[in-house]
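To be precise, the following lines are final.txt, and they hold compact mmCIF, C-alpha atoms and all ligand atoms.
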```
# COMPACT_ATOMS: atom_id res chain seq x y z
CA MET A 1 -31.42 67.17 -52.23
CA THR A 2 -33.49 68.00 -55.29
CA MET A 3 -32.65 70.93 -57.48
CA LEU A 4 -35.25 71.68 -60.09
CA PRO A 5 -34.43 72.93 -63.60
CA THR A 6 -33.16 76.39 -64.10
CA GLN A 7 -34.72 78.50 -66.76
CA VAL A 8 -38.00 77.54 -68.33
CA LYS A 9 -37.51 78.78 -71.87
CA CYS A 10 -40.40 76.88 -73.36
CA LEU A 11 -43.23 75.71 -71.19
CA HIS A 12 -44.55 73.29 -73.80
CA ARG A 13 -42.56 70.28 -72.59
CA LEU A 14 -43.78 70.84 -69.03
CA LEU A 15 -47.38 71.12 -69.99
CA GLN A 16 -48.16 67.59 -71.09
CA LEU A 17 -51.38 67.01 -69.24
CA LYS A 18 -53.84 64.28 -69.97
CA HIS A 19 -56.92 66.30 -69.27
CA ILE A 20 -56.06 69.63 -70.78
CA CYS A 21 -53.59 70.77 -73.38
CA TRP A 22 -51.98 73.89 -72.02
CA CYS A 23 -51.23 76.89 -74.13
CA PRO A 24 -49.49 79.42 -71.92
CA THR A 25 -50.18 83.04 -72.65
CA SER A 26 -46.50 83.82 -72.37
CA LEU A 27 -45.23 81.58 -75.17
CA GLY A 28 -43.36 83.40 -77.88
CA LYS A 29 -43.74 86.82 -76.31
CA ALA A 30 -40.80 89.04 -75.56
CA PRO A 31 -40.27 89.70 -71.84
CA SER A 32 -42.12 92.85 -70.85
CA SER A 33 -40.53 95.50 -68.68
CA ARG A 34 -42.04 94.94 -65.22
CA LEU A 35 -40.26 92.13 -63.39
CA VAL A 36 -41.15 90.52 -60.05
CA LEU A 37 -38.92 88.42 -57.79
CA GLY A 38 -40.96 85.82 -55.86
CA ILE A 39 -39.73 84.18 -52.64
CA GLU A 40 -41.27 81.10 -50.98
CA THR A 41 -40.26 79.66 -47.60
CA SER A 42 -43.59 78.84 -45.94
CA CYS A 43 -42.93 75.12 -45.39
CA ASP A 44 -40.10 72.90 -46.60
CA GLU A 45 -39.22 74.31 -50.01
CA THR A 46 -36.92 77.28 -50.44
CA GLY A 47 -37.93 78.82 -53.75
CA ALA A 48 -37.25 81.94 -55.77
CA ALA A 49 -38.14 83.03 -59.30
CA VAL A 50 -38.13 86.08 -61.53
CA LEU A 51 -41.18 86.54 -63.79
CA ASP A 52 -42.21 89.22 -66.22
CA GLU A 53 -45.74 90.57 -66.48
CA THR A 54 -46.85 88.00 -69.05
CA GLY A 55 -45.91 85.07 -66.80
CA HIS A 56 -42.69 84.36 -68.65
CA ILE A 57 -40.28 82.68 -66.20
CA LEU A 58 -36.91 84.36 -66.64
CA GLY A 59 -35.13 82.30 -63.99
CA GLU A 60 -35.90 80.18 -60.97
CA SER A 61 -34.29 78.08 -58.27
CA LEU A 62 -35.73 75.62 -55.79
CA HIS A 63 -34.15 73.80 -52.88
CA SER A 64 -36.22 70.97 -51.43
CA GLN A 65 -35.79 69.80 -47.83
CA LYS A 66 -37.81 66.66 -48.54
CA GLU A 67 -34.98 64.17 -48.06
CA VAL A 68 -34.02 65.57 -44.66
CA HIS A 69 -37.62 65.51 -43.43
CA LEU A 70 -38.15 61.99 -44.80
CA ARG A 71 -35.20 60.82 -42.70
CA THR A 72 -36.46 62.53 -39.53
CA GLY A 73 -40.00 61.18 -40.07
CA GLY A 74 -41.71 64.56 -40.56
CA ILE A 75 -41.01 68.28 -40.66
CA ILE A 76 -39.35 69.61 -37.52
CA PRO A 77 -40.00 73.39 -37.69
CA THR A 78 -36.61 74.42 -36.30
CA VAL A 79 -34.83 72.13 -38.79
CA ALA A 80 -36.88 73.59 -41.64
CA GLN A 81 -36.02 77.10 -40.45
CA GLN A 82 -32.30 76.32 -40.31
CA LEU A 83 -32.34 74.84 -43.82
CA HIS A 84 -34.13 77.94 -45.18
CA ARG A 85 -31.48 80.10 -43.49
CA GLU A 86 -28.70 78.06 -45.08
CA ASN A 87 -30.17 78.10 -48.58
CA LEU A 88 -32.31 81.18 -49.16
CA GLU A 89 -29.61 83.63 -50.15
CA ARG A 90 -28.10 81.20 -52.65
CA VAL A 91 -31.51 80.28 -54.08
CA VAL A 92 -32.40 83.95 -54.64
CA GLN A 93 -28.97 84.61 -56.13
CA GLU A 94 -29.39 81.67 -58.51
CA ALA A 95 -32.83 82.83 -59.64
CA LEU A 96 -31.46 86.31 -60.36
CA GLU A 97 -28.37 84.99 -62.15
CA ARG A 98 -30.34 82.52 -64.26
CA SER A 99 -32.69 85.32 -65.28
CA ALA A 100 -29.74 87.67 -65.92
CA VAL A 101 -31.62 90.35 -63.99
CA ASP A 102 -29.89 92.80 -61.70
CA PRO A 103 -31.95 93.63 -58.59
CA SER A 104 -32.12 97.25 -59.76
CA ARG A 105 -34.34 96.11 -62.69
CA LEU A 106 -36.99 94.53 -60.44
CA SER A 107 -40.36 96.27 -60.11
CA ALA A 108 -41.21 94.52 -56.83
CA VAL A 109 -40.41 91.62 -54.51
CA ALA A 110 -43.27 89.26 -53.56
CA THR A 111 -42.87 86.94 -50.58
CA THR A 112 -45.10 84.41 -48.81
CA VAL A 113 -45.99 85.82 -45.38
CA LYS A 114 -49.01 83.57 -44.55
CA PRO A 115 -50.07 80.89 -43.75
CA GLY A 116 -47.31 78.38 -42.96
CA LEU A 117 -44.75 77.36 -40.37
CA GLY A 118 -43.89 80.48 -38.34
CA PRO A 119 -40.12 79.90 -38.17
CA SER A 120 -39.97 79.19 -41.93
CA LEU A 121 -42.11 82.21 -42.88
CA GLY A 122 -39.90 84.35 -40.64
CA VAL A 123 -36.75 83.50 -42.63
CA GLY A 124 -38.32 84.52 -45.96
CA LEU A 125 -39.83 87.68 -44.54
CA GLU A 126 -36.64 88.84 -42.80
CA PHE A 127 -34.56 88.23 -45.91
CA SER A 128 -37.11 90.05 -48.11
CA ARG A 129 -37.35 93.04 -45.80
CA ARG A 130 -33.58 93.50 -45.93
CA PHE A 131 -33.56 92.96 -49.68
CA VAL A 132 -36.28 95.52 -50.51
CA ARG A 133 -34.70 98.11 -48.22
CA ARG A 134 -31.25 97.60 -49.70
CA HIS A 135 -32.54 97.85 -53.27
CA ASP A 136 -35.36 100.31 -52.52
CA LYS A 137 -38.09 98.11 -54.06
CA PRO A 138 -41.83 97.80 -53.31
CA PHE A 139 -42.80 94.76 -51.24
CA ILE A 140 -45.83 92.54 -51.96
CA PRO A 141 -46.82 90.18 -49.09
CA ILE A 142 -48.38 86.99 -50.46
CA HIS A 143 -51.00 84.56 -49.09
CA HIS A 144 -49.61 81.11 -49.95
CA MET A 145 -53.03 79.61 -50.78
CA GLU A 146 -53.99 82.54 -53.03
CA ALA A 147 -50.78 81.84 -54.90
CA HIS A 148 -51.68 78.14 -55.32
CA ALA A 149 -55.15 79.16 -56.50
CA LEU A 150 -53.98 81.64 -59.14
CA THR A 151 -50.98 79.74 -60.59
CA VAL A 152 -53.29 78.36 -63.28
CA ARG A 153 -53.74 81.88 -64.71
CA MET A 154 -50.01 82.06 -65.42
CA LEU A 155 -50.46 79.10 -67.77
CA ARG A 156 -53.77 79.88 -69.45
CA PRO A 157 -56.18 82.78 -69.50
CA VAL A 158 -58.68 81.45 -66.94
CA ALA A 159 -61.23 84.17 -66.20
CA PHE A 160 -62.71 84.85 -62.75
CA PRO A 161 -64.81 83.47 -61.15
CA PHE A 162 -63.79 79.82 -60.91
CA LEU A 163 -64.03 77.12 -58.24
CA VAL A 164 -60.73 75.97 -56.76
CA LEU A 165 -59.85 72.85 -54.75
CA LEU A 166 -56.47 73.23 -53.01
CA VAL A 167 -55.00 70.11 -51.45
CA SER A 168 -51.54 69.93 -49.91
CA GLY A 169 -49.64 68.77 -46.85
CA GLY A 170 -50.99 71.65 -44.79
CA HIS A 171 -54.35 72.48 -46.39
CA SER A 172 -57.54 71.27 -47.92
CA LEU A 173 -59.97 73.90 -49.06
CA LEU A 174 -62.67 74.72 -51.57
CA ALA A 175 -63.12 78.34 -52.60
CA VAL A 176 -64.58 80.50 -55.33
CA ALA A 177 -61.86 82.70 -56.78
CA ARG A 178 -63.60 85.94 -57.82
CA GLY A 179 -60.57 88.17 -58.18
CA VAL A 180 -56.90 88.50 -57.37
CA ASN A 181 -57.68 89.09 -53.70
CA ASP A 182 -61.35 88.17 -53.64
CA PHE A 183 -62.18 84.62 -52.49
CA LEU A 184 -65.25 82.93 -50.99
CA LEU A 185 -64.29 80.05 -48.72
CA LEU A 186 -66.78 77.16 -49.08
CA GLY A 187 -64.97 74.45 -47.11
CA HIS A 188 -61.76 73.70 -45.24
CA ALA A 189 -60.04 70.88 -43.35
CA LEU A 190 -61.47 70.28 -39.87
CA ASP A 191 -58.49 68.26 -38.70
CA GLU A 192 -55.56 67.22 -40.88
CA ALA A 193 -54.87 67.88 -44.55
CA PRO A 194 -54.88 65.05 -47.13
CA GLY A 195 -51.13 65.33 -47.84
CA ASP A 196 -50.46 65.06 -44.11
CA THR A 197 -52.66 61.94 -43.95
CA LEU A 198 -50.88 60.32 -46.89
CA ASP A 199 -47.48 61.20 -45.40
CA LYS A 200 -48.47 59.71 -42.02
CA VAL A 201 -49.92 56.54 -43.55
CA ALA A 202 -46.74 56.12 -45.61
CA ARG A 203 -44.66 56.50 -42.44
CA ARG A 204 -46.83 54.04 -40.54
CA LEU A 205 -46.32 51.58 -43.41
CA SER A 206 -42.55 52.28 -43.31
CA LEU A 207 -42.57 52.95 -47.04
CA ILE A 208 -39.17 54.59 -46.73
CA LYS A 209 -37.86 50.99 -46.49
CA HIS A 210 -39.60 50.05 -49.75
CA PRO A 211 -36.98 49.84 -52.51
CA ARG A 212 -39.15 51.87 -54.92
CA CYS A 213 -40.24 54.51 -52.42
CA SER A 214 -37.18 55.51 -50.39
CA THR A 215 -36.87 59.00 -51.91
CA LEU A 216 -40.56 59.69 -52.48
CA SER A 217 -42.90 61.85 -50.41
CA GLY A 218 -45.69 59.90 -48.69
CA GLY A 219 -48.23 60.95 -51.30
CA GLN A 220 -45.97 59.97 -54.18
CA ALA A 221 -45.19 56.59 -52.58
CA ILE A 222 -48.89 55.81 -52.03
CA GLU A 223 -49.68 56.77 -55.63
CA LEU A 224 -46.91 54.52 -56.96
CA LEU A 225 -47.84 51.45 -54.89
CA ALA A 226 -51.57 51.96 -55.45
CA LYS A 227 -51.03 51.31 -59.17
CA GLU A 228 -50.41 47.65 -58.33
CA GLY A 229 -52.94 47.35 -55.53
CA ASP A 230 -56.58 46.30 -55.18
CA ARG A 231 -58.58 49.38 -54.11
CA THR A 232 -61.58 47.24 -53.07
CA ARG A 233 -59.64 45.00 -50.66
CA PHE A 234 -60.04 47.38 -47.69
CA PRO A 235 -63.36 49.23 -48.02
CA PHE A 236 -62.63 52.26 -45.80
CA ARG A 237 -65.60 54.50 -45.06
CA THR A 238 -65.56 57.80 -46.95
CA PRO A 239 -65.51 60.53 -44.26
CA MET A 240 -68.41 62.85 -43.39
CA GLY A 241 -71.10 61.04 -45.37
CA GLN A 242 -73.78 62.48 -43.06
CA THR A 243 -72.43 66.04 -42.93
CA TYR A 244 -73.90 68.03 -45.79
CA ASP A 245 -71.25 70.72 -46.15
CA CYS A 246 -67.98 71.12 -48.04
CA CYS A 247 -65.49 70.73 -45.18
CA PHE A 248 -63.00 67.88 -45.04
CA SER A 249 -61.88 65.43 -42.37
CA PHE A 250 -59.08 62.89 -42.68
CA ALA A 251 -58.20 62.01 -39.07
CA GLY A 252 -60.97 59.37 -38.79
CA LEU A 253 -59.91 57.79 -42.06
CA ARG A 254 -56.32 57.60 -40.84
CA ASN A 255 -57.58 55.86 -37.74
CA GLN A 256 -59.42 53.27 -39.87
CA ILE A 257 -56.26 52.72 -41.90
CA ASN A 258 -54.07 52.36 -38.78
CA MET A 259 -56.44 49.75 -37.35
CA THR A 260 -56.27 47.81 -40.62
CA ILE A 261 -52.48 48.00 -40.61
CA MET A 262 -52.34 46.72 -37.00
CA LYS A 263 -54.75 43.87 -37.78
CA ASN A 264 -52.68 42.78 -40.79
CA GLU A 265 -49.42 43.04 -38.86
CA ALA A 266 -50.91 40.72 -36.25
CA GLU A 267 -52.17 38.31 -38.92
CA GLU A 268 -48.80 38.24 -40.70
CA GLY A 269 -46.97 38.00 -37.37
CA ILE A 270 -44.76 41.01 -38.09
CA GLU A 271 -43.83 44.07 -36.02
CA GLN A 272 -44.43 47.72 -36.82
CA GLY A 273 -41.57 48.85 -39.07
CA THR A 274 -41.66 45.78 -41.32
CA LEU A 275 -43.26 46.04 -44.75
CA LEU A 276 -46.65 44.31 -44.99
CA SER A 277 -47.34 42.01 -47.90
CA CYS A 278 -50.65 43.81 -48.54
CA VAL A 279 -49.01 47.24 -48.71
CA ASN A 280 -50.13 47.86 -52.32
CA ASP A 281 -53.76 47.11 -51.45
CA ILE A 282 -53.67 49.43 -48.42
CA ALA A 283 -52.16 52.15 -50.61
CA ALA A 284 -54.82 51.67 -53.30
CA SER A 285 -57.70 51.62 -50.80
CA THR A 286 -56.33 54.69 -49.01
CA GLN A 287 -55.87 56.65 -52.22
CA HIS A 288 -59.36 55.69 -53.44
CA THR A 289 -61.03 56.86 -50.22
CA VAL A 290 -59.08 60.15 -50.12
CA ALA A 291 -59.98 60.75 -53.78
CA SER A 292 -63.67 59.93 -53.20
CA HIS A 293 -63.86 62.28 -50.20
CA LEU A 294 -62.29 65.15 -52.15
CA ALA A 295 -64.55 64.48 -55.14
CA LYS A 296 -67.75 64.34 -53.08
CA ARG A 297 -67.05 67.61 -51.26
CA THR A 298 -66.22 69.24 -54.59
CA HIS A 299 -69.47 67.91 -56.05
CA ARG A 300 -71.44 69.64 -53.28
CA ALA A 301 -69.46 72.85 -53.78
CA ILE A 302 -70.34 72.80 -57.49
CA LEU A 303 -74.04 72.36 -56.69
CA PHE A 304 -73.84 75.18 -54.11
CA CYS A 305 -72.22 77.45 -56.70
CA LYS A 306 -74.86 76.56 -59.27
CA ALA A 307 -77.70 77.19 -56.82
CA ASN A 308 -76.27 80.59 -55.90
CA GLY A 309 -75.08 81.73 -59.32
CA LEU A 310 -71.46 81.90 -58.17
CA LEU A 311 -69.95 80.54 -61.40
CA PRO A 312 -70.49 81.70 -64.98
CA SER A 313 -73.04 79.65 -66.95
CA ASN A 314 -70.64 79.73 -69.88
CA SER A 315 -67.76 77.24 -69.42
CA PRO A 316 -67.57 77.08 -65.61
CA THR A 317 -64.26 75.76 -64.35
CA VAL A 318 -62.82 73.86 -61.41
CA VAL A 319 -59.10 74.34 -60.75
CA LEU A 320 -57.28 71.65 -58.77
CA SER A 321 -53.90 72.57 -57.28
CA GLY A 322 -51.51 72.08 -54.32
CA GLY A 323 -49.02 69.23 -53.85
CA VAL A 324 -51.68 66.47 -53.58
CA ALA A 325 -53.13 67.64 -56.91
CA SER A 326 -50.10 66.02 -58.57
CA ASN A 327 -51.89 62.71 -57.97
CA GLU A 328 -53.27 61.34 -61.25
CA TYR A 329 -55.91 59.18 -59.55
CA ILE A 330 -57.27 62.19 -57.64
CA ARG A 331 -57.36 64.15 -60.88
CA LYS A 332 -59.38 61.34 -62.48
CA ALA A 333 -61.77 61.27 -59.50
CA LEU A 334 -62.39 64.99 -59.92
CA THR A 335 -62.96 64.47 -63.65
CA VAL A 336 -65.79 62.04 -62.84
CA ILE A 337 -67.51 64.88 -60.94
CA THR A 338 -66.81 67.67 -63.42
CA ASP A 339 -68.02 65.44 -66.29
CA ALA A 340 -71.23 64.68 -64.39
CA THR A 341 -71.90 68.37 -63.64
CA GLY A 342 -70.81 69.94 -66.94
CA LEU A 343 -67.73 71.78 -65.69
CA SER A 344 -64.17 71.58 -66.95
CA LEU A 345 -61.26 70.62 -64.76
CA LEU A 346 -57.92 72.40 -64.98
CA CYS A 347 -54.85 71.10 -63.15
CA PRO A 348 -51.48 72.79 -63.47
CA PRO A 349 -48.62 70.36 -64.16
CA ALA A 350 -47.16 68.78 -60.99
CA LYS A 351 -44.17 71.14 -61.06
CA PHE A 352 -46.51 74.08 -60.49
CA CYS A 353 -48.80 72.27 -58.02
CA THR A 354 -46.10 71.84 -55.37
CA ASP A 355 -44.52 74.80 -53.58
CA ASN A 356 -42.17 76.97 -55.60
CA GLY A 357 -41.04 80.56 -56.08
CA VAL A 358 -42.75 80.86 -59.46
CA MET A 359 -46.28 80.82 -58.05
CA ILE A 360 -45.35 83.52 -55.55
CA ALA A 361 -43.81 85.72 -58.22
CA TRP A 362 -46.94 85.21 -60.37
CA ASN A 363 -49.16 86.31 -57.49
CA GLY A 364 -46.93 89.37 -57.22
CA VAL A 365 -47.41 90.04 -60.93
CA GLU A 366 -51.21 89.76 -60.60
CA ARG A 367 -51.19 92.17 -57.65
CA LEU A 368 -48.81 94.57 -59.39
CA ARG A 369 -51.06 94.68 -62.46
CA GLU A 370 -54.05 95.57 -60.32
CA GLY A 371 -52.16 97.78 -57.86
CA LYS A 372 -53.33 95.65 -54.91
CA GLY A 373 -51.30 95.16 -51.73
CA ILE A 374 -48.09 96.86 -52.89
CA LEU A 375 -46.17 98.28 -49.95
CA PRO A 376 -43.22 100.68 -49.69
CA PRO A 377 -39.82 99.11 -48.84
CA ASP A 378 -39.71 100.38 -45.27
CA VAL A 379 -43.18 99.22 -44.17
CA ASP A 380 -43.43 96.88 -41.19
CA VAL A 381 -45.02 93.52 -42.10
CA SER A 382 -45.46 90.49 -39.85
CA TYR A 383 -45.92 86.88 -40.84
CA GLU A 384 -49.09 84.95 -39.91
CA PRO A 385 -48.83 81.15 -39.43
CA LYS A 386 -52.63 80.86 -39.58
CA ALA A 387 -54.58 82.85 -42.15
CA ARG A 388 -57.91 81.89 -43.63
CA LEU A 389 -58.52 82.41 -47.32
CA GLY A 390 -61.19 84.96 -48.25
CA VAL A 391 -64.71 85.47 -46.90
CA ASP A 392 -65.90 82.52 -44.84
CA MET A 393 -69.07 81.06 -46.42
CA THR A 394 -68.91 77.69 -44.67
CA ALA A 395 -71.95 78.45 -42.47
CA GLN A 396 -74.08 79.26 -45.54
CA VAL A 397 -72.90 76.06 -47.25
CA LYS A 398 -73.80 74.03 -44.18
CA ALA A 399 -77.20 75.71 -43.89
CA ALA A 400 -77.94 74.86 -47.54
CA ALA A 401 -77.42 71.16 -46.59
CA ILE A 402 -77.32 70.08 -50.23
CA ARG A 403 -78.00 66.36 -50.80
CA MET A 404 -76.19 65.11 -53.83
CA PRO A 405 -77.54 62.86 -56.54
CA SER A 406 -75.52 59.68 -56.38
CA VAL A 407 -72.60 59.58 -58.78
CA ARG A 408 -70.78 56.26 -59.12
CA MET A 409 -67.16 56.90 -58.28
CA LYS A 410 -66.01 54.70 -61.12
CA ILE A 411 -62.52 56.10 -61.29
CA PRO A 412 -60.49 54.75 -64.21
CA ARG A 413 -57.10 53.41 -63.12
O1 LIG B 1 -48.08 71.96 -51.79
P1 LIG B 1 -46.97 71.15 -51.19
O2 LIG B 1 -45.68 71.06 -51.96
O3 LIG B 1 -46.57 71.69 -49.78
C1 LIG B 1 -47.51 72.10 -48.84
O4 LIG B 1 -47.89 73.28 -48.90
O5 LIG B 1 -47.92 71.21 -48.06
O6 LIG B 1 -47.57 69.68 -50.90
C2 LIG B 1 -46.81 68.65 -50.30
C3 LIG B 1 -47.74 67.48 -50.06
C4 LIG B 1 -47.09 66.33 -49.29
O7 LIG B 1 -47.95 65.96 -48.25
C5 LIG B 1 -46.97 65.22 -50.32
O8 LIG B 1 -47.08 63.91 -49.77
C6 LIG B 1 -48.13 65.52 -51.24
O9 LIG B 1 -48.17 66.93 -51.32
N1 LIG B 1 -47.94 64.95 -52.58
C7 LIG B 1 -48.74 64.04 -53.12
C8 LIG B 1 -48.17 63.70 -54.37
N2 LIG B 1 -47.03 64.44 -54.53
C9 LIG B 1 -46.90 65.21 -53.42
N3 LIG B 1 -49.86 63.46 -52.66
C10 LIG B 1 -50.47 62.55 -53.46
N4 LIG B 1 -49.97 62.17 -54.67
C11 LIG B 1 -48.85 62.71 -55.16
N5 LIG B 1 -48.38 62.33 -56.36
ZN ZN B 2 -48.31 74.78 -50.70
```
As a first step, turn the structure in this file into structure tokens.
Ligand code: KG4
Ligand code: ZN
Amino acid sequence: MTMLPTQVKCLHRLLQLKHICWCPTSLGKAPSSRLVLGIETSCDETGAAVLDETGHILGESLHSQKEVHLRTGGIIPTVAQQLHRENLERVVQEALERSAVDPSRLSAVATTVKPGLGPSLGVGLEFSRRFVRRHDKPFIPIHHMEAHALTVRMLRPVAFPFLVLLVSGGHSLLAVARGVNDFLLLGHALDEAPGDTLDKVARRLSLIKHPRCSTLSGGQAIELLAKEGDRTRFPFRTPMGQTYDCCFSFAGLRNQINMTIMKNEAEEGIEQGTLLSCVNDIAASTQHTVASHLAKRTHRAILFCKANGLLPSNSPTVVLSGGVASNEYIRKALTVITDATGLSLLCPPAKFCTDNGVMIAWNGVERLREGKGILPPDVDVSYEPKARLGVDMTAQVKAAAIRMPSVRMKIPR
């Protein structure tokens, strides 16, 4: 079980990014008076954090279920729910203790209520409802993907509007963030999300048996092995080459990869469950194709935004976040596109790309500042396993059918 660090007193050490040097707005400032407790339980991380209005993290706690789900070969919703039940109270208590904040000092409690695994969301919501009633605090329901999209603003003053690519185990989407609760959805996953694909490929390759990968998520394992692999050995087709929109599809790619794995198992005379000798090359080819697909859809989204004046002409920005955004190779692939189109790419450090309570608390802070979506303690709120982000513009993107100038995906390794 992974426990992440307690109090982030200075963000500098965490913000060592290759592409951008972060300079958080909160550094050196005294904590301001309004404090928000954030609670995250939408998938397999139980997270809580207390933030002040400047984005200063007073205390946080995170319990990851990753090891359990790795052993069972995927997330079983009832198991995830049970683990949230067992850990949430302690995680919240730890975040409060580490921040030295009594619940009476909180200005609000923000909790993920959509989208996510129903049973997991239910645990966070039930706990939060009891908590806000007991302490008579306002409640701020949070959209998990909005939180991923806005985390970057906790770290640097990124002005609206900006383009955001969110890639995780459950989602893949491109949207224009125009305000705290104002998004235009340009593209989404038609089947599975890239993190899900990487996790499934890693399972099919039995990477849990690989001595260097046994504790890593599928995406992390593929990234590690890809470093020593030949990405040209298995030239998988980049998905949706003939579909001129910004949606994503990974199921067909996974099928191509599975066929390749089966063929190589037959050639090597080994059974499913045994590590292939070409595992590094499969990892590298898989990662390259996932990265190229994400980059190409983002390229089209940038051109759509330019054609429709959706981004500022002065320093337009693409933000990349979500668990899969931790991947350095994918970050480099996106840099190829942003360099070619004159945009800058911002990626929060990996710690803030994956699920955590901090990003939920930050979304609560942003909403509190603007007075948006703040509910009284006794209001009835339900969770929503499926919830689209913002206004759906995917039909307009498809109708525009933008053909892209060819950009060589020469991604540095
Ligand atoms: O955002 P997240 O923590 O949870 C969801 O909301 O899904 O993302 C988890 C996903 C997993 O599928 C994991 O394999 C993937 O992010 N991931 C990565 C990397 N680290 C985590 N994928 C590619 N490269 C990585 N370094
Ligand atoms: Zn997430």
All residues having an atom within 8 Å of ligand LIG 1 (chain B) (only C-alpha atoms and all ligand atoms) as a VMD selection string: chain A and resid 42 to 45 116 148 167 to 171 194 to 199 217 to 224 322 to 328 330 350 353 to 356
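Checking A:Pro385, A:Leu190, A:Lys296, A:Ile337 one by one against Gly241 in chain A, counting all atoms listed in the file, you find the shortest gap at A:Lys296.
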Residues at most 9 Å from Lys209 in chain A, counting all atoms listed in the file, excluding those fewer than 5 positions away in the same chain, as number ranges by chain? A: 214, 273-275
Please, what distance in Å, to one decimal, runs between CA of Lys386 in chain A and CA of Leu121 in chain A?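 Taking CA of Lys386 in chain A and CA of Leu121 in chain A, their separation equals 11.1 Å.
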Given the choices A:Lys137, A:Arg408, A:Arg153, A:Arg203, which gets closest to Val336 in chain A if the distance is worked out from all atoms listed in the file?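 Closest to Val336 in chain A, using all atoms listed in the file: A:Arg408.
Compared by their closest atoms to Pro77 in chain A, and using only C-alpha atoms, the residues A:Leu117, A:Cys246, A:Ala100, A:Val50 rank with A:Leu117 nearest.
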Find the residues near range 101-112 of chain A: any atom within 6 Å, counting all atoms listed in the file, skip ones fewer than 6 places away on the same chain, and give them as a PyMOL selection string. chain A and resi 34-40+137-144+361+364
